[in-house]
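The file start.csv comes next; it holds CSV, C-alpha atoms.
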chain,number,residue,atom,x,y,z
F,263,MET,CA,-151.1,105.1,-149.0
F,264,SER,CA,-152.8,106.4,-145.9
F,265,THR,CA,-156.6,106.6,-145.9
F,266,LYS,CA,-156.4,110.4,-145.6
F,267,ARG,CA,-154.1,110.7,-148.6
F,268,PHE,CA,-156.3,108.4,-150.6
F,269,ALA,CA,-159.4,110.4,-149.7
F,270,VAL,CA,-157.8,113.7,-150.7
F,271,LEU,CA,-156.6,112.2,-154.0
F,272,ALA,CA,-160.1,110.9,-154.7
F,273,VAL,CA,-161.8,114.2,-154.0
F,274,VAL,CA,-159.2,116.1,-156.1
F,275,LEU,CA,-159.8,113.7,-159.0
F,276,ALA,CA,-163.6,114.0,-158.7
F,277,LEU,CA,-163.3,117.8,-158.7
F,278,LEU,CA,-161.1,117.7,-161.8
F,279,VAL,CA,-163.6,115.4,-163.6
F,280,ALA,CA,-166.7,117.4,-162.6
F,281,GLY,CA,-165.0,120.8,-162.8
F,282,VAL,CA,-162.8,120.6,-165.8
F,283,LEU,CA,-163.2,117.4,-167.8
F,284,SER,CA,-167.0,117.7,-167.9
F,285,PHE,CA,-166.8,120.6,-170.3
F,286,TYR,CA,-165.3,118.2,-172.9
F,287,ALA,CA,-168.0,115.6,-172.5
F,288,SER,CA,-170.2,114.6,-175.5
F,289,SER,CA,-173.3,116.7,-175.8
F,290,SER,CA,-175.1,114.1,-178.0
F,291,PRO,CA,-178.4,112.8,-176.5
F,292,ASP,CA,-177.8,109.8,-174.2
F,293,GLY,CA,-178.9,106.3,-175.0
F,294,LEU,CA,-182.4,106.7,-173.6
F,295,GLN,CA,-182.9,110.1,-175.1
F,296,HIS,CA,-181.7,108.8,-178.5
F,297,VAL,CA,-184.1,105.9,-178.4
F,298,ALA,CA,-186.9,108.2,-177.3
F,299,GLU,CA,-186.2,110.4,-180.4
F,300,THR,CA,-185.9,107.6,-182.9
F,301,LYS,CA,-188.9,105.6,-181.6
F,302,ARG,CA,-190.9,108.8,-181.3
F,303,PHE,CA,-191.8,109.0,-177.6
F,304,ALA,CA,-189.5,111.9,-176.7
F,305,GLN,CA,-192.5,114.3,-177.1
F,306,THR,CA,-194.1,112.7,-174.1
F,307,GLU,CA,-191.5,114.4,-171.9
F,308,THR,CA,-193.1,117.1,-169.7
F,309,GLY,CA,-191.4,120.2,-168.3
F,310,HIS,CA,-189.0,119.7,-165.4
F,311,HIS,CA,-190.0,121.0,-162.0
F,312,THR,CA,-186.6,122.5,-161.3
F,313,ALA,CA,-185.8,123.6,-164.9
F,314,ASN,CA,-185.6,127.2,-163.7
F,315,GLY,CA,-183.1,126.5,-160.9
F,316,PRO,CA,-179.8,128.4,-160.9
F,317,LEU,CA,-177.9,125.2,-161.9
F,318,ALA,CA,-180.4,123.6,-164.2
F,319,GLY,CA,-178.8,121.6,-167.0
F,320,TYR,CA,-175.4,121.9,-165.3
F,321,GLU,CA,-175.0,125.5,-166.2
F,322,THR,CA,-174.5,128.2,-163.5
F,323,THR,CA,-176.9,131.1,-164.0
F,324,GLY,CA,-175.1,134.5,-164.3
F,325,VAL,CA,-171.7,133.0,-165.3
F,326,SER,CA,-171.1,133.9,-168.9
F,327,SER,CA,-168.0,131.7,-169.6
F,328,PRO,CA,-169.2,128.3,-170.7
F,329,HIS,CA,-166.2,126.7,-169.2
F,330,LEU,CA,-166.7,128.3,-165.8
F,331,SER,CA,-170.5,127.9,-165.9
F,332,LYS,CA,-170.3,124.1,-166.3
F,333,GLY,CA,-167.2,123.7,-164.1
F,334,LEU,CA,-168.7,125.6,-161.3
F,335,ALA,CA,-171.9,123.6,-161.5
F,336,GLY,CA,-169.8,120.4,-161.4
F,337,VAL,CA,-167.9,121.6,-158.3
F,338,ILE,CA,-171.1,122.6,-156.5
F,339,GLY,CA,-172.6,119.2,-157.4
F,340,VAL,CA,-169.5,117.4,-156.0
F,341,GLY,CA,-169.8,119.5,-152.8
F,342,ALA,CA,-173.6,118.9,-152.5
F,343,THR,CA,-173.3,115.1,-153.1
F,344,GLY,CA,-170.4,114.8,-150.6
F,345,LEU,CA,-172.3,116.8,-147.9
F,346,LEU,CA,-175.5,114.8,-148.4
F,347,MET,CA,-173.8,111.4,-148.4
F,348,GLY,CA,-171.5,112.4,-145.6
F,349,GLY,CA,-174.4,113.5,-143.5
F,350,LEU,CA,-176.3,110.3,-144.2
F,351,VAL,CA,-173.3,108.2,-143.2
F,352,LEU,CA,-172.9,110.1,-140.0
F,353,LEU,CA,-176.6,109.8,-139.2
F,354,LEU,CA,-176.5,106.0,-139.9
F,355,ARG,CA,-173.4,105.5,-137.8
F,356,ARG,CA,-174.9,107.4,-134.8
F,357,ARG,CA,-178.1,105.5,-135.0
F,358,GLY,CA,-176.2,102.2,-135.5
F,359,ALA,CA,-174.3,102.9,-132.3
F,360,THR,CA,-177.5,103.5,-130.3
F,361,SER,CA,-179.7,100.9,-132.0
F,362,SER,CA,-178.9,98.2,-129.6
F,363,THR,CA,-180.9,100.0,-126.9
F,364,ASP,CA,-183.2,101.9,-129.4
F,365,VAL,CA,-183.3,104.9,-127.0
F,366,PRO,CA,-183.3,108.2,-128.8
F,367,GLU,CA,-180.5,110.5,-127.9
F,368,HIS,CA,-182.6,113.5,-127.3
F,369,GLU,CA,-186.2,113.2,-126.0
F,370,PRO,CA,-188.5,115.7,-127.5
F,371,HIS,CA,-189.8,118.3,-125.1
H,243,MET,CA,-180.5,106.7,-168.6
H,244,HIS,CA,-182.1,109.4,-166.4
H,245,VAL,CA,-185.8,109.1,-167.1
H,246,PRO,CA,-187.5,112.5,-167.4
H,247,ASP,CA,-191.0,113.5,-166.2
H,248,GLY,CA,-193.7,112.3,-168.5
H,249,PHE,CA,-192.3,109.2,-170.1
H,250,LEU,CA,-194.2,107.0,-167.8
H,251,ASP,CA,-197.8,107.5,-166.5
H,252,ALA,CA,-198.6,108.4,-162.9
H,253,PRO,CA,-199.6,104.9,-161.7
H,254,THR,CA,-196.4,103.4,-163.0
H,255,SER,CA,-194.3,106.3,-161.5
H,256,ILE,CA,-196.1,105.9,-158.1
H,257,ALA,CA,-195.5,102.1,-158.2
H,258,THR,CA,-191.8,102.5,-159.0
H,259,ALA,CA,-191.5,105.1,-156.2
H,260,VAL,CA,-193.1,102.7,-153.7
H,261,VAL,CA,-190.7,99.9,-154.8
H,262,ALA,CA,-187.7,102.3,-154.7
H,263,ALA,CA,-188.7,103.5,-151.2
H,264,GLY,CA,-188.8,99.9,-150.0
H,265,GLY,CA,-185.4,99.3,-151.6
H,266,VAL,CA,-183.9,102.4,-150.0
H,267,ALA,CA,-185.4,101.5,-146.6
H,268,ALA,CA,-183.8,98.0,-146.8
H,269,ALA,CA,-180.5,99.7,-147.9
H,270,LEU,CA,-180.6,102.0,-144.8
H,271,ARG,CA,-180.9,98.9,-142.6
H,272,GLY,CA,-178.3,96.9,-144.4
H,273,ALA,CA,-175.8,99.7,-144.7
H,274,ARG,CA,-175.8,100.3,-141.0
H,275,ARG,CA,-174.0,96.9,-140.5
H,276,ASP,CA,-171.5,97.6,-143.3
H,277,LEU,CA,-170.4,101.1,-142.0
H,278,ASP,CA,-167.2,100.6,-140.1
H,279,ASP,CA,-164.4,103.1,-139.8
H,280,ALA,CA,-162.9,102.1,-143.2
H,281,VAL,CA,-166.1,102.0,-145.1
H,282,ALA,CA,-167.6,105.3,-143.9
H,283,PRO,CA,-165.3,107.7,-145.8
H,284,MET,CA,-165.4,105.4,-148.9
H,285,ALA,CA,-169.2,105.7,-149.0
H,286,GLY,CA,-168.9,109.5,-149.4
H,287,LEU,CA,-166.1,109.2,-151.9
H,288,VAL,CA,-168.1,106.8,-154.0
H,289,ALA,CA,-171.1,109.1,-154.2
H,290,VAL,CA,-168.9,112.1,-155.1
H,291,PHE,CA,-167.1,110.0,-157.7
H,292,ILE,CA,-170.3,108.7,-159.3
H,293,PHE,CA,-171.7,112.3,-159.5
H,294,ALA,CA,-168.5,113.4,-161.3
H,295,GLY,CA,-168.4,110.4,-163.5
H,296,GLN,CA,-172.0,110.8,-164.6
H,297,MET,CA,-171.1,114.3,-166.0
H,298,ILE,CA,-168.8,112.7,-168.6
H,299,ASN,CA,-170.9,111.6,-171.5
H,300,PHE,CA,-168.8,109.5,-174.0
H,301,PRO,CA,-169.9,109.0,-177.6
H,302,VAL,CA,-171.3,105.7,-178.6
H,303,GLY,CA,-172.0,105.5,-182.4
H,304,ALA,CA,-173.5,108.3,-184.4
H,305,GLY,CA,-175.2,111.1,-182.5
H,306,THR,CA,-175.6,109.1,-179.3
H,307,SER,CA,-173.7,109.2,-176.0
H,308,GLY,CA,-173.7,107.4,-172.7
H,309,HIS,CA,-172.3,107.9,-169.2
H,310,LEU,CA,-171.4,105.9,-166.2
H,311,LEU,CA,-174.3,104.5,-164.2
H,312,GLY,CA,-172.0,103.4,-161.4
H,313,GLY,CA,-174.1,100.6,-159.9
H,314,ALA,CA,-171.6,97.9,-160.2
H,315,LEU,CA,-168.7,100.3,-159.4
H,316,ALA,CA,-170.3,101.4,-156.2
H,317,ALA,CA,-171.4,97.9,-155.1
H,318,VAL,CA,-167.9,96.5,-155.6
H,319,LEU,CA,-166.3,99.3,-153.7
H,320,VAL,CA,-168.7,99.7,-150.7
H,321,GLY,CA,-171.2,96.8,-151.0
H,322,PRO,CA,-174.7,96.8,-152.5
H,323,TRP,CA,-176.5,98.5,-149.6
H,324,LEU,CA,-174.3,101.6,-149.5
H,325,ALA,CA,-174.2,101.5,-153.3
H,326,THR,CA,-178.0,102.0,-153.4
H,327,LEU,CA,-177.8,104.8,-151.0
H,328,SER,CA,-174.9,106.5,-152.8
H,329,ILE,CA,-176.7,106.4,-156.2
H,330,THR,CA,-179.9,107.6,-154.6
H,331,VAL,CA,-178.1,110.6,-153.2
H,332,VAL,CA,-176.5,111.3,-156.6
H,333,LEU,CA,-180.0,111.1,-158.2
H,334,LEU,CA,-181.5,113.4,-155.6
H,335,VAL,CA,-178.8,116.1,-156.2
H,336,GLN,CA,-179.2,115.7,-160.0
H,337,ALA,CA,-183.0,116.0,-160.0
H,338,PHE,CA,-183.3,118.9,-157.6
H,339,LEU,CA,-180.2,120.9,-158.3
H,340,PHE,CA,-179.5,120.2,-162.0
H,341,ALA,CA,-182.9,119.3,-163.4
H,342,ASP,CA,-181.4,116.0,-164.6
H,343,GLY,CA,-183.9,113.2,-164.3
H,344,GLY,CA,-187.5,114.0,-163.5
H,345,VAL,CA,-188.7,114.7,-160.0
H,346,THR,CA,-191.8,112.6,-160.6
H,347,ALA,CA,-189.5,110.0,-162.2
H,348,LEU,CA,-187.1,109.9,-159.2
H,349,GLY,CA,-188.6,106.6,-157.9
H,350,THR,CA,-188.2,105.1,-161.4
H,351,ASN,CA,-184.6,106.3,-161.7
H,352,VAL,CA,-183.7,105.0,-158.2
H,353,LEU,CA,-185.3,101.7,-159.1
H,354,LEU,CA,-183.4,101.4,-162.5
H,355,MET,CA,-180.0,102.7,-161.5
H,356,GLY,CA,-179.9,102.4,-157.7
H,357,ILE,CA,-181.5,99.0,-157.3
H,358,VAL,CA,-181.6,97.1,-160.6
H,359,GLY,CA,-178.2,98.5,-161.7
H,360,VAL,CA,-176.6,97.9,-158.3
H,361,TRP,CA,-177.9,94.4,-157.6
H,362,VAL,CA,-177.6,93.0,-161.1
H,363,GLY,CA,-174.1,94.5,-161.3
H,364,TYR,CA,-173.2,93.0,-157.9
H,365,GLY,CA,-174.7,89.6,-158.7
H,366,ALA,CA,-172.7,89.4,-162.0
H,367,PHE,CA,-169.6,90.6,-160.2
H,368,ARG,CA,-169.9,87.8,-157.6
H,369,LEU,CA,-170.5,85.2,-160.2
H,370,ALA,CA,-167.5,86.4,-162.2
H,371,ARG,CA,-165.3,86.6,-159.1
H,372,TRP,CA,-166.2,83.0,-158.3
H,373,ALA,CA,-165.4,81.9,-161.8
H,374,LEU,CA,-162.1,83.7,-162.0
H,375,PRO,CA,-158.8,82.7,-160.3
H,376,ARG,CA,-158.7,83.8,-156.6
H,377,ARG,CA,-156.3,86.7,-157.2
H,378,LEU,CA,-156.6,90.4,-156.4
H,379,SER,CA,-156.2,91.2,-160.1
H,380,SER,CA,-159.5,89.3,-160.7
H,381,VAL,CA,-161.5,91.9,-158.8
H,382,GLY,CA,-161.2,94.6,-161.5
H,383,ILE,CA,-162.1,92.2,-164.2
H,384,ALA,CA,-165.1,90.8,-162.3
H,385,ALA,CA,-166.2,94.4,-161.6
H,386,ALA,CA,-166.0,95.1,-165.3
H,387,VAL,CA,-168.2,92.1,-166.0
H,388,GLY,CA,-170.8,93.3,-163.5
H,389,ALA,CA,-170.7,96.8,-165.0
H,390,PHE,CA,-171.1,95.5,-168.5
H,391,VAL,CA,-174.1,93.3,-167.6
H,392,SER,CA,-175.8,95.9,-165.4
H,393,VAL,CA,-176.3,98.6,-168.1
H,394,PRO,CA,-178.4,96.6,-170.8
H,395,VAL,CA,-180.3,94.9,-168.0
H,396,ALA,CA,-181.3,98.4,-166.6
H,397,ALA,CA,-182.2,99.4,-170.1
H,398,ALA,CA,-184.4,96.3,-170.4
H,399,ALA,CA,-186.0,97.1,-167.1
H,400,PHE,CA,-186.9,100.6,-168.3
H,401,THR,CA,-188.5,99.0,-171.4
H,402,ALA,CA,-190.6,96.7,-169.1
H,403,LEU,CA,-191.8,99.8,-167.3
H,404,PHE,CA,-192.4,101.5,-170.6
H,405,ALA,CA,-194.5,98.5,-171.7
H,406,VAL,CA,-196.7,98.9,-168.6
H,407,GLY,CA,-196.9,102.7,-168.3
H,408,GLY,CA,-195.4,104.3,-171.4
H,409,GLN,CA,-197.2,107.4,-172.6
H,410,ALA,CA,-196.9,106.6,-176.3
H,411,PRO,CA,-198.3,103.6,-178.2
H,412,ILE,CA,-195.0,102.2,-179.5
H,413,PRO,CA,-194.4,98.4,-180.1
H,414,VAL,CA,-192.4,97.2,-177.0
H,415,GLY,CA,-190.3,94.9,-179.1
H,416,SER,CA,-188.8,97.7,-181.2
H,417,VAL,CA,-188.1,99.8,-178.0
H,418,LEU,CA,-186.5,96.8,-176.3
H,419,THR,CA,-184.2,96.2,-179.3
H,420,ALA,CA,-183.2,99.8,-179.6
H,421,MET,CA,-182.6,100.2,-175.8
H,422,VAL,CA,-180.6,97.1,-175.4
H,423,SER,CA,-178.4,97.6,-178.5
H,424,VAL,CA,-177.5,101.1,-177.5
H,425,HIS,CA,-176.9,100.2,-173.9
H,426,VAL,CA,-174.7,97.2,-174.7
H,427,LEU,CA,-172.3,99.8,-176.2
H,428,ILE,CA,-172.7,102.1,-173.2
H,429,GLY,CA,-172.0,99.0,-171.1
H,430,ILE,CA,-168.6,98.6,-172.7
H,431,GLY,CA,-167.7,102.2,-171.6
H,432,GLU,CA,-169.2,101.4,-168.1
H,433,ALA,CA,-167.0,98.3,-167.9
H,434,LEU,CA,-163.8,100.1,-168.9
H,435,ILE,CA,-164.4,102.9,-166.4
H,436,THR,CA,-165.3,100.5,-163.7
H,437,ALA,CA,-162.3,98.3,-164.3
H,438,LEU,CA,-160.0,101.3,-164.3
H,439,VAL,CA,-161.4,102.7,-161.0
H,440,VAL,CA,-161.7,99.4,-159.2
H,441,GLY,CA,-158.3,98.2,-160.5
H,442,SER,CA,-156.6,101.5,-159.3
H,443,VAL,CA,-158.1,101.3,-155.8
H,444,VAL,CA,-157.3,97.6,-155.5
H,445,ALA,CA,-153.7,98.4,-156.5
H,446,VAL,CA,-153.2,101.0,-153.8
H,447,ARG,CA,-155.6,100.0,-151.0
H,448,PRO,CA,-157.3,96.6,-151.6
H,449,ASP,CA,-158.5,96.7,-148.0
H,450,LEU,CA,-160.8,99.6,-148.9
H,451,VAL,CA,-162.6,97.5,-151.6
H,452,HIS,CA,-165.6,95.6,-150.3
H,453,GLY,CA,-165.4,93.1,-153.2
H,454,ALA,CA,-161.7,92.3,-152.6
H,455,ARG,CA,-162.0,91.5,-148.9
H,456,PRO,CA,-162.6,87.7,-149.2
H,457,LEU,CA,-159.5,87.5,-151.4
H,458,LEU,CA,-157.4,89.4,-149.0
H,459,ALA,CA,-158.0,86.8,-146.3
H,460,THR,CA,-157.0,83.9,-148.5
H,461,GLN,CA,-154.0,85.8,-149.8
H,462,GLU,CA,-152.6,86.0,-146.3
H,463,LEU,CA,-152.8,82.2,-146.1
H,464,GLU,CA,-150.9,81.8,-149.3
H,465,ILE,CA,-148.1,84.0,-148.1
H,466,ARG,CA,-147.8,81.9,-144.9
H,467,GLU,CA,-147.6,78.6,-147.0
H,468,ALA,CA,-144.9,80.1,-149.2
H,469,ALA,CA,-142.9,81.2,-146.2
H,470,ARG,CA,-143.0,77.7,-144.7
H,471,THR,CA,-141.4,76.0,-147.8

Would you mind writing the file out in structure tokens?
Amino acid sequence: MSTKRFAVLAVVLALLVAGVLSFYASSSPDGLQHVAETKRFAQTETGHHTANGPLAGYETTGVSSPHLSKGLAGVIGVGATGLLMGGLVLLLRRRGATSSTDVPEHEPH
Amino acid sequence: MHVPDGFLDAPTSIATAVVAAGGVAAALRGARRDLDDAVAPMAGLVAVFIFAGQMINFPVGAGTSGHLLGGALAAVLVGPWLATLSITVVLLVQAFLFADGGVTALGTNVLLMGIVGVWVGYGAFRLARWALPRRLSSVGIAAAVGAFVSVPVAAAAFTALFAVGGQAPIPVGSVLTAMVSVHVLIGIGEALITALVVGSVVAVRPDLVHGARPLLATQELEIREAART
């Protein structure tokens, strides 16, 4: 399998998992949340700084269908993660290539 | 496992942020050496896949769920340095875009999942790979061992932080027992997903799997020996 084909397949799979399968995930509290509730320290949680964001809680504001709301949030998350990690990789590779001389590519004015 | 704001006090959160920043800085240096033409696209794919995988909460026992942490998975696929960076990117996206995991707890979460989860998972993977037969099929099994071990250890690490800076006076022993017992179950799910993903990639493109490369070199030697006789 070529690297390109492998990459396309992996991205499609990630989009399916985040965009479709995620709707069917368990909505029970996760391990830490469950322990926090049974051991009674869940109440120490304070409000989240980005709780009013348009995608908070993996729900897209303004999309009424619960399937679409979560699926869209998942797809946007996949895109954002890919862009951020891709950008970081590009940056590291560029700096890696010039690090032998440690001369910045663009001198500030 | 995403720690929200408020569970840990400010000094503990600041301390974990400092340690996490140090770990990420080391990972930025280490990753630069690992990033060749084959690894670069894999790093992006791993981050994307872990984000997607973490959306899938699977049930463990009554009224509880767990999801992939991905530390061992990422470390086996792209090496521990890029694994730390991938998981940090996922945690950043989750905290800022989806309000999943506290913003003040970001350092704590990077430390628990991106550093403890990655390095414990990778260490256990290396041990298991060394103990298992030198075959490509051992890579997925060793990855599962790493994944299984990494989750309760990360849960125990959270409990240690809770003992130092928890905001509620609860006996640490009872929190530790509860955290580890739930996360052993989650670790089984983590091991299954990790084995499935690593096994699939090893089956189609073993050269893209960081943790399979030492075995690929020896496999070539074996083929030559067989051809001679």

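Across H:Ala405, H:Ala269, H:Ile435, H:Ala325, the tightest approach to Phe390 of chain H is made by H:Ile435 when counting all atoms listed in the file.
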
- Write down, as a PyMOL selection string, each residue of chain H that has any atom within 7 Å of an atom of chain F, counting only C-alpha atoms. chain H and resi 243+246-249+274+277+282+286-287+289-291+293-295+297-301+305-308+328+331-332+335+338-342+344-345+409-410+417+420-421+424-425+446

- If you measure from atom CA of Ala445 of chain H to atom CA of Leu458 of chain H, what distance in Å do you get, rounded to one decimal?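 According to the coordinates, atom CA of Ala445 of chain H and atom CA of Leu458 of chain H are separated by 12.3 Å.
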
- For atom CA of Gly272 of chain H and atom CA of Leu324 of chain H, quote the distance in Å rounded to one decimal.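 Rounded to one decimal, the two atoms are 8.0 Å apart.
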
- Task: Could you check how far atom CA of His244 of chain H sits from atom CA of Asn351 of chain H, in Å to one decimal?
- Result: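 Atom CA of His244 of chain H sits 6.2 Å away from atom CA of Asn351 of chain H.
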
- Message: Nearest residue to Val320 of chain H out of H:Val439, H:Leu334, H:Ala285, H:Val406, using all atoms listed in the file?
- Response: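 With all atoms listed in the file as the atom set, the closest residue is H:Ala285.
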